[in-house]
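Colleague: Structure file work.cif (mmCIF, C-alpha atoms) right here:
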data_my_file
loop_
_atom_site.label_atom_id
_atom_site.label_comp_id
_atom_site.auth_asym_id
_atom_site.auth_seq_id
_atom_site.Cartn_x
_atom_site.Cartn_y
_atom_site.Cartn_z
CA MET A 1457 -5.09 116.62 -38.58
CA ALA A 1458 -7.97 118.34 -40.32
CA ALA A 1459 -7.02 116.58 -43.55
CA VAL A 1460 -6.99 113.19 -41.79
CA ARG A 1461 -10.46 113.80 -40.28
CA ALA A 1462 -11.81 114.81 -43.69
CA ALA A 1463 -10.38 111.66 -45.25
CA ASN A 1464 -11.95 109.51 -42.56
CA ASN A 1465 -15.33 111.17 -43.09
CA LEU A 1466 -15.14 110.56 -46.85
CA TYR A 1467 -14.23 106.93 -46.19
CA GLY A 1468 -17.25 106.51 -43.87
CA VAL A 1469 -19.62 108.04 -46.40
CA GLY A 1470 -18.30 105.83 -49.15
CA LEU A 1471 -18.55 102.69 -47.01
CA ARG A 1472 -22.18 103.42 -46.12
CA ALA A 1473 -23.02 103.99 -49.77
CA VAL A 1474 -21.44 100.64 -50.73
CA ARG A 1475 -23.41 98.84 -47.99
CA GLN A 1476 -26.71 100.44 -48.99
CA ASN A 1477 -26.12 99.55 -52.64
CA ALA A 1478 -25.34 95.94 -51.71
CA ALA A 1479 -28.54 95.74 -49.63
CA LEU A 1480 -30.60 97.08 -52.53
CA ASN A 1481 -29.07 94.57 -54.92
CA ALA A 1482 -29.79 91.71 -52.51
CA THR A 1483 -33.43 92.82 -52.16
CA ARG A 1484 -33.83 92.95 -55.96
CA ILE A 1485 -32.39 89.44 -56.31
CA LEU A 1486 -34.80 88.05 -53.68
CA GLN A 1487 -37.77 89.76 -55.33
CA GLN A 1488 -36.78 88.33 -58.71
CA ARG A 1489 -36.45 84.84 -57.27
CA ALA A 1490 -39.83 85.12 -55.53
CA PHE A 1491 -41.43 86.31 -58.76
CA ARG A 1492 -39.95 83.34 -60.66
CA VAL A 1493 -41.15 80.89 -57.96
CA ASN A 1494 -44.67 82.37 -57.90
CA GLY A 1495 -44.77 82.37 -61.67
CA ALA A 1496 -43.83 78.71 -61.71
CA LEU A 1497 -46.57 77.97 -59.20
CA ARG A 1498 -49.14 79.87 -61.24
CA GLN A 1499 -48.22 77.90 -64.33
CA GLN A 1500 -48.99 74.56 -62.60
CA PRO A 1501 -52.46 72.99 -63.02
CA PHE A 1502 -54.91 74.43 -60.41
CA ASP A 1503 -57.54 72.30 -58.63
CA SER A 1504 -60.14 74.56 -56.97
CA ALA A 1505 -61.73 71.62 -55.16
CA ALA A 1506 -58.51 71.06 -53.21
CA GLU A 1507 -58.09 74.71 -52.22
CA LYS A 1508 -58.24 75.34 -48.47
CA PRO A 1509 -59.34 78.61 -46.83
CA GLN A 1510 -56.45 80.64 -45.45
CA PHE A 1511 -58.47 83.28 -43.61
CA PRO A 1512 -57.05 83.85 -40.11
CA GLY A 1513 -60.44 84.36 -38.44
CA ALA A 1514 -62.16 80.97 -38.85
CA SER A 1515 -61.54 77.26 -39.31
CA ALA A 1516 -63.74 75.96 -42.14
CA GLU A 1517 -64.01 74.55 -45.66
CA PHE A 1518 -65.15 76.23 -48.89
CA VAL A 1519 -68.57 75.29 -50.31
CA ASP A 1520 -69.99 76.07 -53.74
CA HIS A 1521 -73.67 76.44 -52.84
CA LEU A 1522 -75.55 79.19 -50.98
CA GLU A 1523 -76.95 78.04 -47.65
CA PHE A 1524 -77.66 79.90 -44.40
CA ILE A 1525 -77.06 78.01 -41.17
CA GLN A 1526 -80.35 77.15 -39.47
CA PRO A 1527 -80.50 77.94 -35.73
CA ASN A 1528 -81.99 74.55 -34.84
CA VAL A 1529 -80.06 72.38 -37.27
CA ILE A 1530 -78.45 70.61 -34.29
CA SER A 1531 -80.61 68.85 -31.71
CA GLY A 1532 -80.67 70.44 -28.25
CA ILE A 1533 -77.65 70.05 -25.99
CA PRO A 1534 -78.41 67.11 -23.67
CA ILE A 1535 -78.88 67.55 -19.92
CA TYR A 1536 -76.43 65.57 -17.81
CA ARG A 1537 -77.85 63.96 -14.69
CA VAL A 1538 -76.79 61.30 -12.19
CA MET A 1539 -80.03 60.47 -10.37
CA ASP A 1540 -83.67 60.59 -11.40
CA ARG A 1541 -86.47 62.42 -9.62
CA GLN A 1542 -86.86 59.55 -7.16
CA GLY A 1543 -83.22 59.70 -6.14
CA GLN A 1544 -82.22 56.54 -8.03
CA ILE A 1545 -78.73 56.49 -9.55
CA ILE A 1546 -79.11 56.06 -13.32
CA ASN A 1547 -75.56 55.07 -14.24
CA PRO A 1548 -73.50 53.65 -11.34
CA ALA A 1549 -70.30 54.79 -13.06
CA GLU A 1550 -71.41 58.43 -12.55
CA ASP A 1551 -72.21 58.06 -8.84
CA PRO A 1552 -69.68 60.31 -7.04
CA GLN A 1553 -69.64 57.78 -4.17
CA LEU A 1554 -69.67 60.51 -1.55
CA PRO A 1555 -69.51 59.35 2.08
CA LYS A 1556 -72.62 59.46 4.22
CA GLU A 1557 -71.37 62.43 6.27
CA THR A 1558 -70.85 64.52 3.13
CA VAL A 1559 -74.30 63.72 1.73
CA LEU A 1560 -75.94 64.51 5.07
CA ASN A 1561 -74.06 67.82 5.10
CA PHE A 1562 -75.41 68.56 1.61
CA TYR A 1563 -78.95 67.92 2.79
CA GLN A 1564 -78.64 69.88 6.01
CA LYS A 1565 -77.16 72.91 4.26
CA MET A 1566 -79.89 72.84 1.59
CA THR A 1567 -82.67 72.63 4.18
CA LEU A 1568 -81.05 75.19 6.49
CA LEU A 1569 -80.92 77.62 3.57
CA ASN A 1570 -84.58 76.90 2.89
CA THR A 1571 -85.49 77.59 6.50
CA MET A 1572 -83.50 80.83 6.59
CA ASP A 1573 -85.25 81.93 3.40
CA ARG A 1574 -88.71 81.38 4.87
CA ILE A 1575 -87.98 83.30 8.05
CA LEU A 1576 -86.29 86.25 6.35
CA TYR A 1577 -88.99 86.42 3.68
CA GLU A 1578 -91.65 86.70 6.38
CA SER A 1579 -89.46 89.21 8.20
CA GLN A 1580 -89.57 91.48 5.16
CA ARG A 1581 -93.32 91.03 4.80
CA GLN A 1582 -93.68 92.19 8.42
CA GLY A 1583 -91.61 95.30 7.71
CA ARG A 1584 -88.61 94.22 9.79
CA ILE A 1585 -86.16 94.35 6.88
CA SER A 1586 -86.42 96.28 3.64
CA PHE A 1587 -85.87 93.59 1.00
CA TYR A 1588 -85.18 89.89 0.46
CA MET A 1589 -84.61 87.31 -2.28
CA THR A 1590 -85.27 83.62 -1.69
CA ASN A 1591 -83.43 80.64 -3.16
CA TYR A 1592 -86.36 78.19 -3.27
CA GLY A 1593 -85.81 75.42 -5.80
CA GLU A 1594 -82.20 76.30 -6.60
CA GLU A 1595 -80.52 74.86 -3.51
CA GLY A 1596 -78.96 72.01 -5.50
CA THR A 1597 -77.06 74.39 -7.77
CA HIS A 1598 -75.55 76.15 -4.74
CA ILE A 1599 -74.47 73.20 -2.64
CA GLY A 1600 -73.40 70.91 -5.48
CA SER A 1601 -71.13 73.53 -7.03
CA ALA A 1602 -69.76 74.88 -3.73
CA ALA A 1603 -68.77 71.38 -2.58
CA ALA A 1604 -66.75 70.79 -5.76
CA LEU A 1605 -64.56 73.87 -5.28
CA ASP A 1606 -61.38 74.42 -3.31
CA PRO A 1607 -61.76 76.87 -0.40
CA SER A 1608 -59.11 79.07 -2.01
CA ASP A 1609 -61.14 79.45 -5.23
CA LEU A 1610 -62.60 82.91 -5.75
CA VAL A 1611 -66.39 83.23 -6.01
CA PHE A 1612 -68.28 85.97 -7.87
CA GLY A 1613 -71.99 85.69 -7.11
CA GLN A 1614 -74.99 87.42 -8.56
CA TYR A 1615 -77.58 87.66 -5.79
CA ARG A 1616 -79.07 84.18 -5.45
CA GLU A 1617 -76.06 82.18 -4.25
CA ALA A 1618 -76.43 82.35 -0.46
CA GLY A 1619 -76.04 78.57 -0.28
CA VAL A 1620 -72.51 78.79 -1.71
CA LEU A 1621 -71.50 81.13 1.08
CA MET A 1622 -73.31 79.02 3.67
CA TYR A 1623 -71.49 75.87 2.53
CA ARG A 1624 -68.17 77.70 2.92
CA GLY A 1625 -68.94 78.38 6.56
CA PHE A 1626 -70.55 81.82 6.60
CA PRO A 1627 -72.47 81.83 9.92
CA LEU A 1628 -76.17 82.52 10.32
CA ASP A 1629 -75.33 85.48 12.56
CA LEU A 1630 -73.58 87.25 9.68
CA PHE A 1631 -76.37 86.46 7.19
CA MET A 1632 -78.80 88.09 9.60
CA ALA A 1633 -76.48 90.98 10.41
CA GLN A 1634 -76.19 91.83 6.72
CA CYS A 1635 -79.94 91.73 6.12
CA TYR A 1636 -80.57 93.85 9.20
CA ALA A 1637 -77.63 96.19 8.43
CA ASN A 1638 -76.56 96.14 12.06
CA ALA A 1639 -73.19 96.81 13.68
CA ASP A 1640 -72.02 93.22 13.14
CA ASP A 1641 -72.48 93.45 9.36
CA LEU A 1642 -69.15 93.08 7.54
CA GLY A 1643 -70.35 95.74 5.10
CA LYS A 1644 -71.15 98.14 7.97
CA GLY A 1645 -74.77 98.52 6.89
CA ARG A 1646 -73.98 100.08 3.53
CA GLN A 1647 -75.53 97.44 1.28
CA MET A 1648 -79.14 96.45 0.77
CA PRO A 1649 -80.11 92.97 2.08
CA VAL A 1650 -78.74 89.75 0.48
CA HIS A 1651 -75.65 91.57 -0.85
CA TYR A 1652 -73.27 89.36 1.10
CA GLY A 1653 -69.50 89.23 0.89
CA SER A 1654 -66.59 87.69 2.78
CA ARG A 1655 -62.90 88.27 2.13
CA GLU A 1656 -62.04 85.45 4.53
CA LEU A 1657 -64.15 82.97 2.51
CA ASN A 1658 -63.04 84.30 -0.91
CA PHE A 1659 -66.56 85.46 -1.78
CA VAL A 1660 -66.59 88.81 -3.58
CA THR A 1661 -69.29 91.17 -2.30
CA ILE A 1662 -72.44 91.02 -4.41
CA SER A 1663 -73.34 94.03 -6.53
CA SER A 1664 -76.86 94.86 -7.72
CA PRO A 1665 -76.16 95.89 -11.35
CA LEU A 1666 -76.74 92.84 -13.50
CA ALA A 1667 -73.79 90.91 -14.97
CA THR A 1668 -71.04 93.29 -13.82
CA GLN A 1669 -69.40 90.35 -12.04
CA ILE A 1670 -68.81 88.47 -15.32
CA PRO A 1671 -65.98 90.59 -16.79
CA GLN A 1672 -64.66 91.17 -13.26
CA ALA A 1673 -64.34 87.40 -12.84
CA ALA A 1674 -62.47 87.17 -16.14
CA GLY A 1675 -59.98 89.76 -14.92
CA ALA A 1676 -59.53 88.00 -11.57
CA ALA A 1677 -58.99 84.65 -13.31
CA TYR A 1678 -56.39 86.18 -15.61
CA ALA A 1679 -54.53 87.56 -12.58
CA ILE A 1680 -54.65 84.13 -10.91
CA LYS A 1681 -53.29 82.55 -14.09
CA ARG A 1682 -50.36 84.98 -14.16
CA GLU A 1683 -49.63 84.19 -10.52
CA ASN A 1684 -49.67 80.45 -11.33
CA ALA A 1685 -51.62 80.10 -8.09
CA ASN A 1686 -53.33 76.72 -8.68
CA ARG A 1687 -56.70 78.34 -8.07
CA ALA A 1688 -59.85 78.86 -10.09
CA VAL A 1689 -62.59 81.47 -10.25
CA ILE A 1690 -66.28 80.63 -10.44
CA CYS A 1691 -68.80 83.20 -11.63
CA TYR A 1692 -72.54 82.71 -11.07
CA PHE A 1693 -75.26 84.41 -13.11
CA GLY A 1694 -78.74 83.78 -14.46
CA GLU A 1695 -79.93 83.28 -18.02
CA GLY A 1696 -81.25 86.85 -17.99
CA ALA A 1697 -77.82 88.26 -17.11
CA ALA A 1698 -76.40 86.33 -20.06
CA SER A 1699 -78.24 88.80 -22.32
CA GLU A 1700 -76.17 91.68 -20.99
CA GLY A 1701 -73.21 93.00 -22.96
CA ASP A 1702 -70.95 92.31 -19.99
CA ALA A 1703 -71.54 88.59 -20.53
CA HIS A 1704 -70.12 88.77 -24.05
CA ALA A 1705 -67.09 90.70 -22.84
CA GLY A 1706 -66.43 88.24 -20.02
CA PHE A 1707 -66.84 85.16 -22.20
CA ASN A 1708 -64.60 86.48 -24.93
CA PHE A 1709 -61.85 87.78 -22.66
CA SER A 1710 -61.70 84.56 -20.64
CA ALA A 1711 -61.48 82.42 -23.77
CA THR A 1712 -58.87 84.49 -25.61
CA LEU A 1713 -56.76 85.01 -22.48
CA GLU A 1714 -57.18 81.33 -21.51
CA CYS A 1715 -58.31 81.92 -17.92
CA PRO A 1716 -59.03 79.27 -15.24
CA LEU A 1717 -62.68 80.29 -14.89
CA ILE A 1718 -65.98 78.45 -14.48
CA PHE A 1719 -69.03 80.32 -15.75
CA PHE A 1720 -72.00 78.89 -13.86
CA CYS A 1721 -75.37 79.87 -15.31
CA ARG A 1722 -78.48 79.15 -13.24
CA ASN A 1723 -81.16 78.87 -15.90
CA ASN A 1724 -84.21 79.01 -13.63
CA GLY A 1725 -86.83 79.83 -16.26
CA TYR A 1726 -87.43 83.50 -15.50
CA ALA A 1727 -85.46 86.75 -15.44
CA ILE A 1728 -87.76 88.51 -12.99
CA SER A 1729 -90.92 88.22 -15.15
CA THR A 1730 -89.29 87.50 -18.51
CA PRO A 1731 -89.60 83.80 -19.48
CA THR A 1732 -86.85 82.07 -21.42
CA ASN A 1733 -88.87 82.01 -24.67
CA GLU A 1734 -88.74 85.82 -24.62
CA GLN A 1735 -85.15 85.96 -23.39
CA TYR A 1736 -83.44 84.10 -26.24
CA ARG A 1737 -84.18 82.14 -29.41
CA GLY A 1738 -81.20 79.77 -29.43
CA ASP A 1739 -80.63 76.58 -27.47
CA GLY A 1740 -80.14 78.15 -24.07
CA ILE A 1741 -76.86 79.39 -22.67
CA ALA A 1742 -74.62 76.32 -23.02
CA ALA A 1743 -74.99 76.54 -26.81
CA ARG A 1744 -73.12 79.84 -26.75
CA GLY A 1745 -69.95 78.30 -25.34
CA PRO A 1746 -68.58 76.81 -28.60
CA GLY A 1747 -68.97 80.19 -30.31
CA TYR A 1748 -66.49 81.62 -27.82
CA GLY A 1749 -64.23 78.58 -27.95
CA MET A 1750 -65.30 77.38 -24.48
CA MET A 1751 -65.94 73.86 -23.22
CA SER A 1752 -69.62 73.67 -22.24
CA ILE A 1753 -72.06 71.36 -20.52
CA ARG A 1754 -75.73 71.43 -19.54
CA VAL A 1755 -76.69 69.74 -16.26
CA ASP A 1756 -79.81 68.99 -14.26
CA GLY A 1757 -79.58 71.70 -11.61
CA ASN A 1758 -82.04 69.85 -9.37
CA ASP A 1759 -79.61 66.91 -9.19
CA VAL A 1760 -76.98 67.92 -6.64
CA PHE A 1761 -74.68 65.07 -7.70
CA ALA A 1762 -74.76 66.07 -11.37
CA VAL A 1763 -73.89 69.65 -10.39
CA TYR A 1764 -71.11 68.38 -8.15
CA ASN A 1765 -69.58 66.12 -10.81
CA ALA A 1766 -69.71 68.75 -13.54
CA THR A 1767 -68.25 71.52 -11.38
CA LYS A 1768 -65.52 69.30 -9.97
CA GLU A 1769 -64.35 68.21 -13.43
CA ALA A 1770 -64.60 71.75 -14.81
CA ARG A 1771 -62.56 73.03 -11.88
CA ARG A 1772 -59.89 70.36 -12.33
CA ARG A 1773 -59.47 71.05 -16.02
CA ALA A 1774 -59.72 74.83 -15.72
CA VAL A 1775 -56.71 74.84 -13.37
CA ALA A 1776 -54.73 72.16 -15.22
CA GLU A 1777 -55.34 73.50 -18.74
CA ASN A 1778 -55.89 77.23 -18.14
CA GLN A 1779 -59.15 77.47 -20.00
CA PRO A 1780 -62.69 78.59 -19.15
CA PHE A 1781 -65.71 76.28 -18.83
CA LEU A 1782 -69.41 77.08 -19.14
CA ILE A 1783 -71.94 75.15 -17.04
CA GLU A 1784 -75.64 75.71 -17.61
CA ALA A 1785 -77.64 74.32 -14.68
CA MET A 1786 -81.30 73.82 -15.60
CA THR A 1787 -83.48 74.50 -12.57
CA TYR A 1788 -86.61 76.42 -11.56
CA ARG A 1789 -87.16 79.51 -9.41
CA ILE A 1790 -90.02 78.43 -7.15
CA GLY A 1791 -90.19 81.69 -5.20
CA HIS A 1792 -90.91 85.18 -6.41
CA HIS A 1793 -87.96 87.00 -7.96
CA SER A 1794 -87.77 89.09 -4.80
CA THR A 1795 -90.06 90.67 -2.23
CA SER A 1796 -90.69 93.40 -4.83
CA ASP A 1797 -92.21 90.86 -7.23
CA ASP A 1798 -95.52 88.99 -7.50
CA SER A 1799 -94.89 86.05 -9.82
CA SER A 1800 -98.58 85.08 -9.89
CA ALA A 1801 -98.97 87.86 -12.46
CA TYR A 1802 -96.96 85.95 -15.08
CA ARG A 1803 -97.09 82.24 -14.20
CA SER A 1804 -99.68 79.80 -12.89
CA VAL A 1805 -99.91 78.27 -9.45
CA ASP A 1806 -100.01 74.80 -11.06
CA GLU A 1807 -96.69 75.43 -12.77
CA VAL A 1808 -95.02 76.41 -9.49
CA ASN A 1809 -96.60 73.51 -7.60
CA TYR A 1810 -95.24 70.99 -10.11
CA TRP A 1811 -91.64 72.01 -9.46
CA ASP A 1812 -92.20 72.38 -5.72
CA LYS A 1813 -93.85 68.98 -5.27
CA GLN A 1814 -92.58 66.82 -8.15
CA ASP A 1815 -89.03 67.89 -8.96
CA HIS A 1816 -87.42 69.64 -6.02
CA PRO A 1817 -83.67 69.21 -5.36
CA ILE A 1818 -84.20 68.75 -1.63
CA SER A 1819 -86.81 65.99 -2.00
CA ARG A 1820 -84.68 64.25 -4.63
CA LEU A 1821 -81.68 64.09 -2.31
CA ARG A 1822 -83.90 62.95 0.56
CA HIS A 1823 -85.15 60.04 -1.59
CA TYR A 1824 -81.52 59.07 -2.20
CA MET A 1825 -80.70 59.09 1.53
CA THR A 1826 -83.89 57.28 2.53
CA ALA A 1827 -83.18 54.45 0.08
CA ARG A 1828 -79.86 53.90 1.89
CA SER A 1829 -81.42 54.14 5.37
CA TRP A 1830 -79.35 57.25 6.08
CA TRP A 1831 -82.37 59.41 6.87
CA GLY A 1832 -85.87 58.84 8.15
CA GLU A 1833 -88.89 60.63 9.59
CA ASP A 1834 -87.37 60.90 13.06
CA GLU A 1835 -84.20 62.51 11.74
CA GLU A 1836 -86.26 64.83 9.55
CA ARG A 1837 -88.43 66.09 12.42
CA ALA A 1838 -85.45 66.58 14.72
CA TRP A 1839 -83.41 68.45 12.10
CA ARG A 1840 -86.30 70.69 11.04
CA LYS A 1841 -86.83 71.67 14.67
CA GLN A 1842 -83.13 72.23 15.27
CA SER A 1843 -82.56 74.22 12.08
CA ARG A 1844 -85.50 76.52 12.80
CA LYS A 1845 -84.16 77.09 16.31
CA LEU A 1846 -80.71 78.00 14.94
CA VAL A 1847 -82.16 80.48 12.47
CA MET A 1848 -84.52 82.06 15.00
CA GLU A 1849 -81.71 82.55 17.52
CA ALA A 1850 -79.61 84.37 14.93
CA PHE A 1851 -82.68 86.33 13.80
CA GLU A 1852 -83.52 87.56 17.31
CA LYS A 1853 -79.91 88.46 18.01
CA ALA A 1854 -79.65 90.52 14.80
CA GLU A 1855 -82.86 92.36 15.56
CA ARG A 1856 -81.64 93.42 18.99
CA ARG A 1857 -78.22 94.56 17.78
CA LEU A 1858 -77.55 98.29 17.35
CA LYS A 1859 -77.01 99.88 13.92
CA PRO A 1860 -73.51 101.01 12.88
CA SER A 1861 -72.45 104.49 13.99
CA PRO A 1862 -73.33 107.24 11.51
CA ASP A 1863 -69.58 108.02 11.48
CA GLN A 1864 -69.17 104.92 9.26
CA LEU A 1865 -70.63 106.99 6.44
CA PHE A 1866 -67.25 108.66 6.12
CA SER A 1867 -64.85 105.76 6.64
CA ASP A 1868 -63.15 103.25 4.32
CA VAL A 1869 -62.83 105.56 1.33
CA TYR A 1870 -59.62 107.48 2.05
CA GLN A 1871 -56.80 106.47 4.37
CA GLU A 1872 -56.97 109.97 5.83
CA MET A 1873 -60.22 111.91 5.77
CA THR A 1874 -60.14 114.75 3.26
CA PRO A 1875 -61.04 118.31 4.33
CA ASN A 1876 -64.19 118.10 2.22
CA LEU A 1877 -65.37 114.93 3.98
CA ALA A 1878 -64.45 116.33 7.38
CA LYS A 1879 -66.63 119.35 6.67
CA GLN A 1880 -69.54 117.13 5.57
CA LYS A 1881 -69.23 115.08 8.75
CA GLU A 1882 -69.25 118.24 10.86
CA ASN A 1883 -72.33 119.52 9.05
CA LEU A 1884 -74.11 116.18 9.49
CA TRP A 1885 -73.66 116.14 13.26
CA ARG A 1886 -74.63 119.80 13.56
CA HIS A 1887 -77.85 119.01 11.68
CA ILE A 1888 -78.56 115.93 13.82
CA GLN A 1889 -78.06 117.87 17.03
CA GLN A 1890 -80.33 120.65 15.83
CA TYR A 1891 -83.14 118.24 14.88
CA LYS A 1892 -82.34 115.32 17.19
CA GLU A 1893 -86.02 114.64 17.91
CA HIS A 1894 -86.25 113.29 14.34
CA TYR A 1895 -83.20 111.02 14.61
CA PRO A 1896 -83.42 107.96 16.93
CA LEU A 1897 -79.72 107.92 17.84
CA ASP A 1898 -80.34 105.40 20.61
CA ILE A 1899 -80.53 102.58 18.01
CA TYR A 1900 -77.05 103.41 16.67
CA GLU A 1901 -73.67 102.63 18.14
CA LYS A 1902 -71.98 105.62 19.74
#
Could you rewrite the structure in this file as structure tokens?

Modeller:
Amino acid sequence: MAAVRAANNLYGVGLRAVRQNAALNATRILQQRAFRVNGALRQQPFDSAAEKPQFPGASAEFVDHLEFIQPNVISGIPIYRVMDRQGQIINPAEDPQLPKETVLNFYQKMTLLNTMDRILYESQRQGRISFYMTNYGEEGTHIGSAAALDPSDLVFGQYREAGVLMYRGFPLDLFMAQCYANADDLGKGRQMPVHYGSRELNFVTISSPLATQIPQAAGAAYAIKRENANRAVICYFGEGAASEGDAHAGFNFSATLECPLIFFCRNNGYAISTPTNEQYRGDGIAARGPGYGMMSIRVDGNDVFAVYNATKEARRRAVAENQPFLIEAMTYRIGHHSTSDDSSAYRSVDEVNYWDKQDHPISRLRHYMTARSWWGEDEERAWRKQSRKLVMEAFEKAERRLKPSPDQLFSDVYQEMTPNLAKQKENLWRHIQQYKEHYPLDIYEK
């Protein structure tokens, strides 16, 4: 038996050697053939003018002269609009033909947002809340884009998109509760004012650090694509946020991963105090889209119909084609950046008055409705009175409401409280009891 096993082993070794030798011979034959073919090709006449670049990283042609690409060699990207400043439709083919009820809802949401802004801004100035950011002049970008989305679409806001949330049905009571950080606040009083969020309405909670939502939106859109969920993601940001590194990461990831995502840039002229001529040297934000391989458009952000049309088409194609779109909405921030800012230090009153009086999205839409006899002075007076009453009722309710219990400091992090947190909570209450004259516990829930 030992002799048989030895013979079998010798046979296996010999067979492997034969196979390896055959493989080597085959490789040599193929290399020789390839050499002969390449040699034949090299011997043919060569026309350098017909040679095409084969580099994998770009699609282009060879040139034989040195020339740098000028930044302004192409005229500025045009601004798409549907109606002029007087509310007249420019091209009837672009009129979205929205029913009267929808247009009236647009107008009422835009003006209700404006009223809420005024009351909460004054509330901060009176020391009732700690901080606020208005949306004056940008209402058209909010309502026009929000109306074009599906309720299931996921929204990543920056911090000036309250109108989007309002259009989706977020009640005034919850806007006020968040700004007052009372017990009704969905965030349990943990966020500074205007940092809204609603899981029910698919609106991701706002975060203060600039542009962090951009790569987060790309990741969410990629997940939605993998789920084949027939949904889209929209991500709002300003032209200042587009200078952050996170913007590059989000743009590039969404394009290369082919995500159903709408990047919506509100170019309102200023990033706090930095004007656009100090923010970038190129042709705005829409011009960056082609560099990332994204479809892009620039729209008149003060024209709610132009915003609606552009967002609706971008949403349709983003879902159908699995690709990102970049919308740059040109508008103007009429208010201060926030209650921590005084914009009179870096821009003139005349400049602000022009946009407030001559090219405001609310007045433009009102002109459109008035020309169709859908709205008049009587309706305006009645709605202004009613909207102020609605806001004031929510305002007074929020101010009376108790603050969340201090125990909420320790919840919603771990499913079960860790020993370290339990000890901190015990120490906190011991300290409060010892110095209770300094802690107004009567304004907090028990």

Colleague: Any chance you could work out the residue set of the PyMOL selection byres ((chain A and resi 1744-1760) around 7) here, as a ChimeraX atom specification?

Modeller: /A:1533-1539,1596-1597,1600,1707-1708,1711,1741-1743,1761-1764,1780-1787,1816-1817

Colleague: I need the chosen residues saved as a compact mmCIF listing (two decimals), keeping the file's coordinate frame, with C-alpha atoms.

Modeller:
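Written file, result-v2.txt:
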# COMPACT_ATOMS: atom_id res chain seq x y z
CA ILE A 1533 -77.65 70.05 -25.99
CA PRO A 1534 -78.41 67.11 -23.67
CA ILE A 1535 -78.88 67.55 -19.92
CA TYR A 1536 -76.43 65.57 -17.81
CA ARG A 1537 -77.85 63.96 -14.69
CA VAL A 1538 -76.79 61.30 -12.19
CA MET A 1539 -80.03 60.47 -10.37
CA GLY A 1596 -78.96 72.01 -5.50
CA THR A 1597 -77.06 74.39 -7.77
CA GLY A 1600 -73.40 70.91 -5.48
CA PHE A 1707 -66.84 85.16 -22.20
CA ASN A 1708 -64.60 86.48 -24.93
CA ALA A 1711 -61.48 82.42 -23.77
CA ILE A 1741 -76.86 79.39 -22.67
CA ALA A 1742 -74.62 76.32 -23.02
CA ALA A 1743 -74.99 76.54 -26.81
CA PHE A 1761 -74.68 65.07 -7.70
CA ALA A 1762 -74.76 66.07 -11.37
CA VAL A 1763 -73.89 69.65 -10.39
CA TYR A 1764 -71.11 68.38 -8.15
CA PRO A 1780 -62.69 78.59 -19.15
CA PHE A 1781 -65.71 76.28 -18.83
CA LEU A 1782 -69.41 77.08 -19.14
CA ILE A 1783 -71.94 75.15 -17.04
CA GLU A 1784 -75.64 75.71 -17.61
CA ALA A 1785 -77.64 74.32 -14.68
CA MET A 1786 -81.30 73.82 -15.60
CA THR A 1787 -83.48 74.50 -12.57
CA HIS A 1816 -87.42 69.64 -6.02
CA PRO A 1817 -83.67 69.21 -5.36

Colleague: For a test of reading the model, state the distance in Å between atom CA of A:Gln1735 and atom CA of A:Gly1593, rounded to one decimal.

Modeller: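 Those two atoms sit 20.5 Å apart.
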
Colleague: For the structure provided, state which residues fall under the PyMOL selection byres ((chain A and resi 1656) around 12), and present them as a PDB file with C-alpha atoms, keeping the file's coordinate frame.

Modeller:
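Heads up, here's the output in expr19.pdb:
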ATOM      1  CA  PRO A1607     -61.760  76.870  -0.400  1.00  0.00           C
ATOM      2  CA  SER A1608     -59.110  79.070  -2.010  1.00  0.00           C
ATOM      3  CA  ASP A1609     -61.140  79.450  -5.230  1.00  0.00           C
ATOM      4  CA  LEU A1610     -62.600  82.910  -5.750  1.00  0.00           C
ATOM      5  CA  VAL A1611     -66.390  83.230  -6.010  1.00  0.00           C
ATOM      6  CA  LEU A1621     -71.500  81.130   1.080  1.00  0.00           C
ATOM      7  CA  ARG A1624     -68.170  77.700   2.920  1.00  0.00           C
ATOM      8  CA  GLY A1625     -68.940  78.380   6.560  1.00  0.00           C
ATOM      9  CA  PHE A1626     -70.550  81.820   6.600  1.00  0.00           C
ATOM     10  CA  LEU A1642     -69.150  93.080   7.540  1.00  0.00           C
ATOM     11  CA  GLY A1653     -69.500  89.230   0.890  1.00  0.00           C
ATOM     12  CA  SER A1654     -66.590  87.690   2.780  1.00  0.00           C
ATOM     13  CA  ARG A1655     -62.900  88.270   2.130  1.00  0.00           C
ATOM     14  CA  LEU A1657     -64.150  82.970   2.510  1.00  0.00           C
ATOM     15  CA  ASN A1658     -63.040  84.300  -0.910  1.00  0.00           C
ATOM     16  CA  PHE A1659     -66.560  85.460  -1.780  1.00  0.00           C
ATOM     17  CA  VAL A1660     -66.590  88.810  -3.580  1.00  0.00           C
ATOM     18  CA  THR A1661     -69.290  91.170  -2.300  1.00  0.00           C
TER      19      THR A1661
END

Colleague: Determine the residue set returned by the PyMOL selection byres ((chain A and resi 1789) around 9) for the present structure, and present it as a count of residues only.

Modeller: 17

Colleague: Find the distance between atom CA of A:Leu1560 and atom CA of A:Met1622 and write it in Å to one decimal.

Modeller: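 Interatomic distance, atom CA of A:Leu1560 to atom CA of A:Met1622: 14.8 Å.
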
Colleague: Quick one: pull the distance between atom CA of A:Ala1603 and atom CA of A:Tyr1577, Å, one decimal.

Modeller: 26.0 Å

Colleague: Given the choices A:Ala1604, A:His1651, A:Phe1693, A:Tyr1891, which gets closest to A:Ala1770 if the distance is worked out from only C-alpha atoms?

Modeller: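 For A:Ala1770, the nearest of the given residues is A:Ala1604.
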
Colleague: Taking only C-alpha atoms into account, name the residue in A:Glu1517, A:Glu1557, A:Asp1812, A:Asp1573 that is nearest to A:Ser1794.

Modeller: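 Nearest candidate to A:Ser1794 out of A:Glu1517, A:Glu1557, A:Asp1812, A:Asp1573: A:Asp1573.
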